[in-house]
Protein chains: 2
Amino acid sequence: MAVTRRTFAGVGVAGAAVAIASPAVAQSAPQVKWRLASSFPKSLDTIWGASPSLAKIVNEMSEGRFNIETFSAGEIVPGLQVLDAVTAGTVECGSSYAGYYVGKNPSIIFDGSLPFGLTPRQQYAWHYFGNGKKFIDEVYDGFNVINIPMGNTGGQMFGWFRKELKTVQDIQGLKMRVAGFGGRLMAKLGAIPQQIAGGDVYAALEKGTIDATEWVGPYDDEKLGFQKVAKYYYIPGVLELEANVGLYINKSAWAALPPNYQAMLRAAASYTLVEMQASYDQKNAKAIARLVANGAQLSVLSPEIVKSLRVALEAVLDEEAAKSEQFKRILEDWRAFRAEQHRWFALADTRAEQATYTTGN
Amino acid sequence: MAVTRRTFAGVGVAGAAVAIASPAVAQSAPQVKWRLASSFPKSLDTIWGASPSLAKIVNEMSEGRFNIETFSAGEIVPGLQVLDAVTAGTVECGSSYAGYYVGKNPSIIFDGSLPFGLTPRQQYAWHYFGNGKKFIDEVYDGFNVINIPMGNTGGQMFGWFRKELKTVQDIQGLKMRVAGFGGRLMAKLGAIPQQIAGGDVYAALEKGTIDATEWVGPYDDEKLGFQKVAKYYYIPGVLELEANVGLYINKSAWAALPPNYQAMLRAAASYTLVEMQASYDQKNAKAIARLVANGAQLSVLSPEIVKSLRVALEAVLDEEAAKSEQFKRILEDWRAFRAEQHRWFALADTRAEQATYTTGN
């Protein structure tokens with residue numbers, strides 16, 4: 001209940017004076033201290049960096065009253081258990097990526113990074129102005145979590161390969177470190193997907209324990225030195241046209257926040273989204289030039305391989321839909337939205353970009 | 001500092017108690033009332049809509065203490081005079097588009113929408129992680145204005161034409177309603193650019209006073225009914241790969257804001273940026289289908305015309321650089337950044353999108 005002049009009038013002069021100045025502070029600008037667990041190590045400075053950036057601007061907006069302490073992967077929560085920690089309320093919030101949790105509920109993948117899917121802009125068009133948010137909220141509600149987009153890597157590279165991929169047959173038997181739905185597609189074409197932690201991928205490639213890996217994009221990949229042990233760097237990155245990073249918030253923690261702090265989180269998440277995307281785009285453009293100078297061999301998948309991967313995607317999606325009514329419902333909406341967006345972008349932005357690039361620089 | 005029971009008890013006197021409780025409110029959460037003048041009419045609901053959306057989330061974050069009253073084009077300031085009004089402090093802030101003010105200082109065009117230029121993502125990569133912000137701040141500083149990106153239309157269409165454009169010769173003598181640098185390019189190819197207010201374009205096309213017009217994209221264009229009087233709807237939209245909308249803030253008004261309100265504006269501007277872009281992308285994809293169903297004839301510029309426009313752009317840029325040291329400095333940085341970004345996107349996101357679209361939907 002709000003402390004008003006009238007309710008306070010009874011307690012005397014000193015109280016009345018405070019009653020005017022203080023309630024607004026006490027009620028709506030309480031000291032709140034949260035912990036945020038990120039799925040990302042500090043070495044991935046751009047994707048990790050969104051978390052301290054979010055904390056900083058929320059701190060500025062609230063004048064230090066709403067404090068979010070940020071922890072990188074493994075500091076208080078293992079990187080792949082951020083969703084669980086937020087569900088349980090071990091931390092009030094986290095920064096993570098839906099692809100890590102497809103084992104819990106495959107429908108979560110519609111929150112981002114489906115192969116042959118939406119670009120960052122298309123993903124947010126679906127999320128905020130299509131039915132995306134409705135469906136994604138439904139999925140995260142099952143985890144006791146509120147989810148707000150807070151970043152994106154942009155399109156990712158197809159991956160690093162020790163040998164050239166000339167035909168679909170070259171994928172047969174290939175051991176590839178590849179996460180989530182991308183792995184499902186590669187498996188359809190005969191590859192053997194591997195789950196290997198980031199820090200171990202280089203050694204596995206060097207020893208030949210694996211033949212290929214995907215990671216993120218040039219800026220992050222460069223740090224791991226893949227070009228020294230798997231020189232073929234393949235495009236186009238059709239397995240991930242975007243990778244949305246979500247701010248996961250425990251539902252009880254969210255409900256306990258005053259509405260002004262909730263609004264700050266919503267605005268701050270878009271702030272870091274714009275920032276992370278811009279940062280990756282600037283850094284990747286420089287890193288690709290360095291990688292090529294240092295021996296990476298940019299290579300293009302054949303149209304046959306690309307088409308086979310697309311066929312594999314649709315088959316995997318249909319399989320999931322057959323197993324889950326929720327997946328089926330979301331897929332139907334997503335496919336219609338995707339078709340509409342792809343038709344539009346193919347003649348608008350993507351075409352204008354292509355036309356621009358062909359006129360030289 | 002929070003007023004606690006203990007600090008209150010220790011002081012015991014009314015005046016002192018207020019001294020503790022009140023400064024936080026008085027200093028950092030003062031009642032602030034601003035007016036925002038938009039360059040856009042309410043009929044362009046998406047580009048206009050960013051202004052009330054910005055006001056709303058700032059209001060929520062500040063619990064109604066920071067109030068921004070929003071006015072559409074012409075309500076208190078004519079649409080094309082928003083920059084002047086913010087410069088003069090007639091209004092504390094505005095929402096506008098750099099292209100309207102190239103007559104005051106051509107360098108302002110680097111704030112967005114240069115033909116054959118940057119996409120929205122590339123523009124913000126340059127702004128926030130290249131040298132863009134440094135240069136753009138320098139330009140707006142000359143107008144006594146702080147500028148924060150707050151929206152984008154995405155790539156725009158090339159325009160509506162009454163007759164087909166088959167060769168560069170067909171542009172000769174063409175009267176086209178086209179703003180800013182796009183008009184300069186068309187003029188190089190022999191067209192006669194016209195400045196006509198939005199509400200008068202339809203009639204001018206119908207009467208044949210003009211032969212062609214560009215406006216925005218399908219969603220906004222559809223409202224004006226151009227397909228009825230100029231059926232050729234041309235792509236690719238190389239004249240505007242993006243159109244950044246800026247939040248213009250009078251420098252004195254900005255300086256008078258407490259830092260927490262400044263932070264709220266920075267976050268809110270990214271919030272509306274994500275929102276406006278997502279809204280346009282969702283709406284344009286639907287509108288293009290309706291326009292085609294209603295008679296618009298989607299048409300593709302020949303590579304010869306596209307190339308001629310590109311050559312014209314570089315010539316116009318060189319001309320401006322010869323006239324202005326500032327323009328020259330910015331252009332050099334912008335061109336290097338553009339080349340790097342275009343090389344990267346041509347093999348990354350744009351290529352992956354193209355590859356995806358060709359595998360069908």
# chains A, B, ... in the order shown; residues from 1 in each chain; ligands from 1
$ closest_atom_pairs --of "segment 134-196 of chain B" --to "segment 271-293 of chain B" --cutoff "12 Å" --atoms "only C-alpha atoms" --output "Markdown table"
| residue | atom | partner | partner_atom | distance |
| --- | --- | --- | --- | --- |
| B:Ile148 | CA | B:Leu273 | CA | 10.1 |
| B:Pro149 | CA | B:Leu273 | CA | 7.1 |
| B:Met150 | CA | B:Leu273 | CA | 4.6 |
| B:Gly151 | CA | B:Leu273 | CA | 3.7 |
| B:Asn152 | CA | B:Gln277 | CA | 5.5 |
| B:Thr153 | CA | B:Gln277 | CA | 5.9 |
| B:Gly154 | CA | B:Gln277 | CA | 6.4 |
| B:Gly155 | CA | B:Asp281 | CA | 9.6 |
| B:Gln156 | CA | B:Asn284 | CA | 10.0 |
| B:Met157 | CA | B:Asn284 | CA | 10.6 |
| B:Trp160 | CA | B:Leu291 | CA | 11.9 |
$ write_last_selection --atoms "all heavy atoms" --output "compact mmCIF listing (two decimals), in the first residue's frame"
# COMPACT_ATOMS: atom_id res chain seq x y z
N ILE B 148 21.09 10.25 -31.21
CA ILE B 148 21.13 8.82 -30.84
C ILE B 148 20.23 8.05 -31.81
O ILE B 148 19.06 8.39 -31.97
CB ILE B 148 20.61 8.60 -29.40
CG1 ILE B 148 21.35 9.50 -28.40
CG2 ILE B 148 20.75 7.13 -28.99
CD1 ILE B 148 20.78 9.44 -26.98
N PRO B 149 20.78 7.01 -32.47
CA PRO B 149 19.93 6.20 -33.37
C PRO B 149 18.73 5.63 -32.62
O PRO B 149 18.89 5.08 -31.53
CB PRO B 149 20.87 5.08 -33.82
CG PRO B 149 22.25 5.63 -33.66
CD PRO B 149 22.17 6.51 -32.44
N MET B 150 17.53 5.78 -33.21
CA MET B 150 16.33 5.30 -32.50
C MET B 150 15.38 4.51 -33.41
O MET B 150 14.29 4.15 -32.99
CB MET B 150 15.57 6.45 -31.86
CG MET B 150 14.88 7.42 -32.81
SD MET B 150 13.75 8.59 -31.95
CE MET B 150 12.31 7.55 -31.63
N GLY B 151 15.83 4.25 -34.64
CA GLY B 151 14.95 3.46 -35.50
C GLY B 151 15.55 3.31 -36.88
O GLY B 151 16.52 3.98 -37.23
N ASN B 152 14.95 2.40 -37.65
CA ASN B 152 15.39 2.21 -39.02
C ASN B 152 14.24 1.61 -39.82
O ASN B 152 13.48 0.81 -39.30
CB ASN B 152 16.61 1.28 -39.08
CG ASN B 152 17.50 1.59 -40.27
OD1 ASN B 152 17.06 1.53 -41.40
ND2 ASN B 152 18.74 1.97 -40.00
N THR B 153 14.14 2.04 -41.07
CA THR B 153 13.10 1.47 -41.93
C THR B 153 13.56 0.17 -42.57
O THR B 153 12.76 -0.58 -43.12
CB THR B 153 12.77 2.43 -43.10
OG1 THR B 153 13.95 2.60 -43.90
CG2 THR B 153 12.29 3.77 -42.59
N GLY B 154 14.88 -0.09 -42.51
CA GLY B 154 15.45 -1.17 -43.32
C GLY B 154 15.61 -0.67 -44.75
O GLY B 154 15.36 0.51 -45.04
N GLY B 155 16.01 -1.54 -45.63
CA GLY B 155 16.21 -1.18 -47.03
C GLY B 155 14.91 -0.69 -47.66
O GLY B 155 13.84 -1.20 -47.36
N GLN B 156 15.02 0.33 -48.50
CA GLN B 156 13.83 0.87 -49.14
C GLN B 156 13.76 0.43 -50.60
O GLN B 156 14.74 -0.01 -51.18
CB GLN B 156 13.82 2.39 -49.00
CG GLN B 156 13.85 2.81 -47.53
CD GLN B 156 13.45 4.26 -47.28
OE1 GLN B 156 13.15 5.00 -48.21
NE2 GLN B 156 13.44 4.66 -46.02
N MET B 157 12.59 0.58 -51.18
CA MET B 157 12.43 0.19 -52.59
C MET B 157 13.03 1.27 -53.49
O MET B 157 13.16 2.42 -53.09
CB MET B 157 10.95 0.00 -52.90
CG MET B 157 10.30 -1.11 -52.11
SD MET B 157 10.91 -2.78 -52.50
CE MET B 157 9.84 -3.20 -53.91
N TRP B 160 8.63 3.90 -57.70
CA TRP B 160 7.51 3.65 -58.59
C TRP B 160 7.70 4.44 -59.89
O TRP B 160 7.98 5.64 -59.85
CB TRP B 160 6.21 4.13 -57.94
CG TRP B 160 5.87 3.40 -56.68
CD1 TRP B 160 6.24 3.74 -55.42
CD2 TRP B 160 5.07 2.23 -56.57
NE1 TRP B 160 5.72 2.84 -54.52
CE2 TRP B 160 4.99 1.90 -55.20
CE3 TRP B 160 4.41 1.41 -57.50
CZ2 TRP B 160 4.29 0.79 -54.73
CZ3 TRP B 160 3.70 0.31 -57.02
CH2 TRP B 160 3.65 0.01 -55.65
$ calpha_fit_rmsd --fixed "chain B" --moving "chain A"
2.1 Å
$ residues_around --residues "segment 106-116 of chain A" --least-positions-apart "2" --cutoff "9 Å" --atoms "only C-alpha atoms" --output "ChimeraX atom specification"
/A:97-104,118-120,123,127,132-133,135-136,139-140,149,155,180-182,185,237-246,309-310,313,320,324,326-328,330-331,334 /B:352-353,355-357,359
$ closest_residue --among "B:Val86, B:Leu36, B:Leu80, B:Met264" --to "chain A" --atoms "only C-alpha atoms"
B:Met264
$ select_by_dssp --residues "segment 49-178 of chain B" --states "strand (DSSP E)" --output "list of chain:residue names"
B:Phe66, B:Asn67, B:Ile68, B:Glu69, B:Thr70, B:Phe71, B:Cys93, B:Gly94, B:Ser95, B:Ser96, B:Val145, B:Ile146, B:Asn147, B:Ile148, B:Pro149, B:Met150, B:Gly151, B:Asn152, B:Gly159, B:Trp160, B:Phe161, B:Lys175, B:Met176, B:Arg177
$ closest_residue --among "B:Lys223, B:Lys163, B:Arg177, B:Arg266" --to "chain A" --atoms "only C-alpha atoms"
B:Arg266
$ residues_around --residues "Ser302 of chain A" --least-positions-apart "3" --cutoff "8 Å" --atoms "only C-alpha atoms" --output "JSON, numbers by chain"
{"A": [166, 167, 305, 306]}
$ write_last_selection --atoms "N, CA, C and O atoms" --output "PDB file, in the first residue's frame"
ATOM      1  N   LYS A 166      33.606 -32.075 -51.245  1.00  0.00           N
ATOM      2  CA  LYS A 166      33.246 -31.850 -52.648  1.00  0.00           C
ATOM      3  C   LYS A 166      31.821 -32.295 -52.945  1.00  0.00           C
ATOM      4  O   LYS A 166      31.090 -31.640 -53.662  1.00  0.00           O
ATOM      5  N   THR A 167      31.453 -33.410 -52.377  1.00  0.00           N
ATOM      6  CA  THR A 167      30.099 -33.911 -52.614  1.00  0.00           C
ATOM      7  C   THR A 167      29.477 -34.313 -51.277  1.00  0.00           C
ATOM      8  O   THR A 167      30.163 -34.360 -50.251  1.00  0.00           O
ATOM      9  N   ILE A 305      25.234 -29.931 -51.778  1.00  0.00           N
ATOM     10  CA  ILE A 305      25.330 -30.122 -50.325  1.00  0.00           C
ATOM     11  C   ILE A 305      24.340 -29.211 -49.611  1.00  0.00           C
ATOM     12  O   ILE A 305      23.633 -29.633 -48.693  1.00  0.00           O
ATOM     13  N   VAL A 306      24.273 -27.963 -50.068  1.00  0.00           N
ATOM     14  CA  VAL A 306      23.344 -27.014 -49.431  1.00  0.00           C
ATOM     15  C   VAL A 306      21.912 -27.537 -49.544  1.00  0.00           C
ATOM     16  O   VAL A 306      21.160 -27.552 -48.568  1.00  0.00           O
TER      17      VAL A 306
END
$ residues_around --residues "segment 202-204 of chain A" --least-positions-apart "4" --cutoff "8 Å" --atoms "only C-alpha atoms" --output "ChimeraX atom specification"
/A:208-210,224-226,229
$ atom_distance --atom1 "atom CA of Thr358 of chain B" --atom2 "atom CA of Arg351 of chain A"
12.4 Å
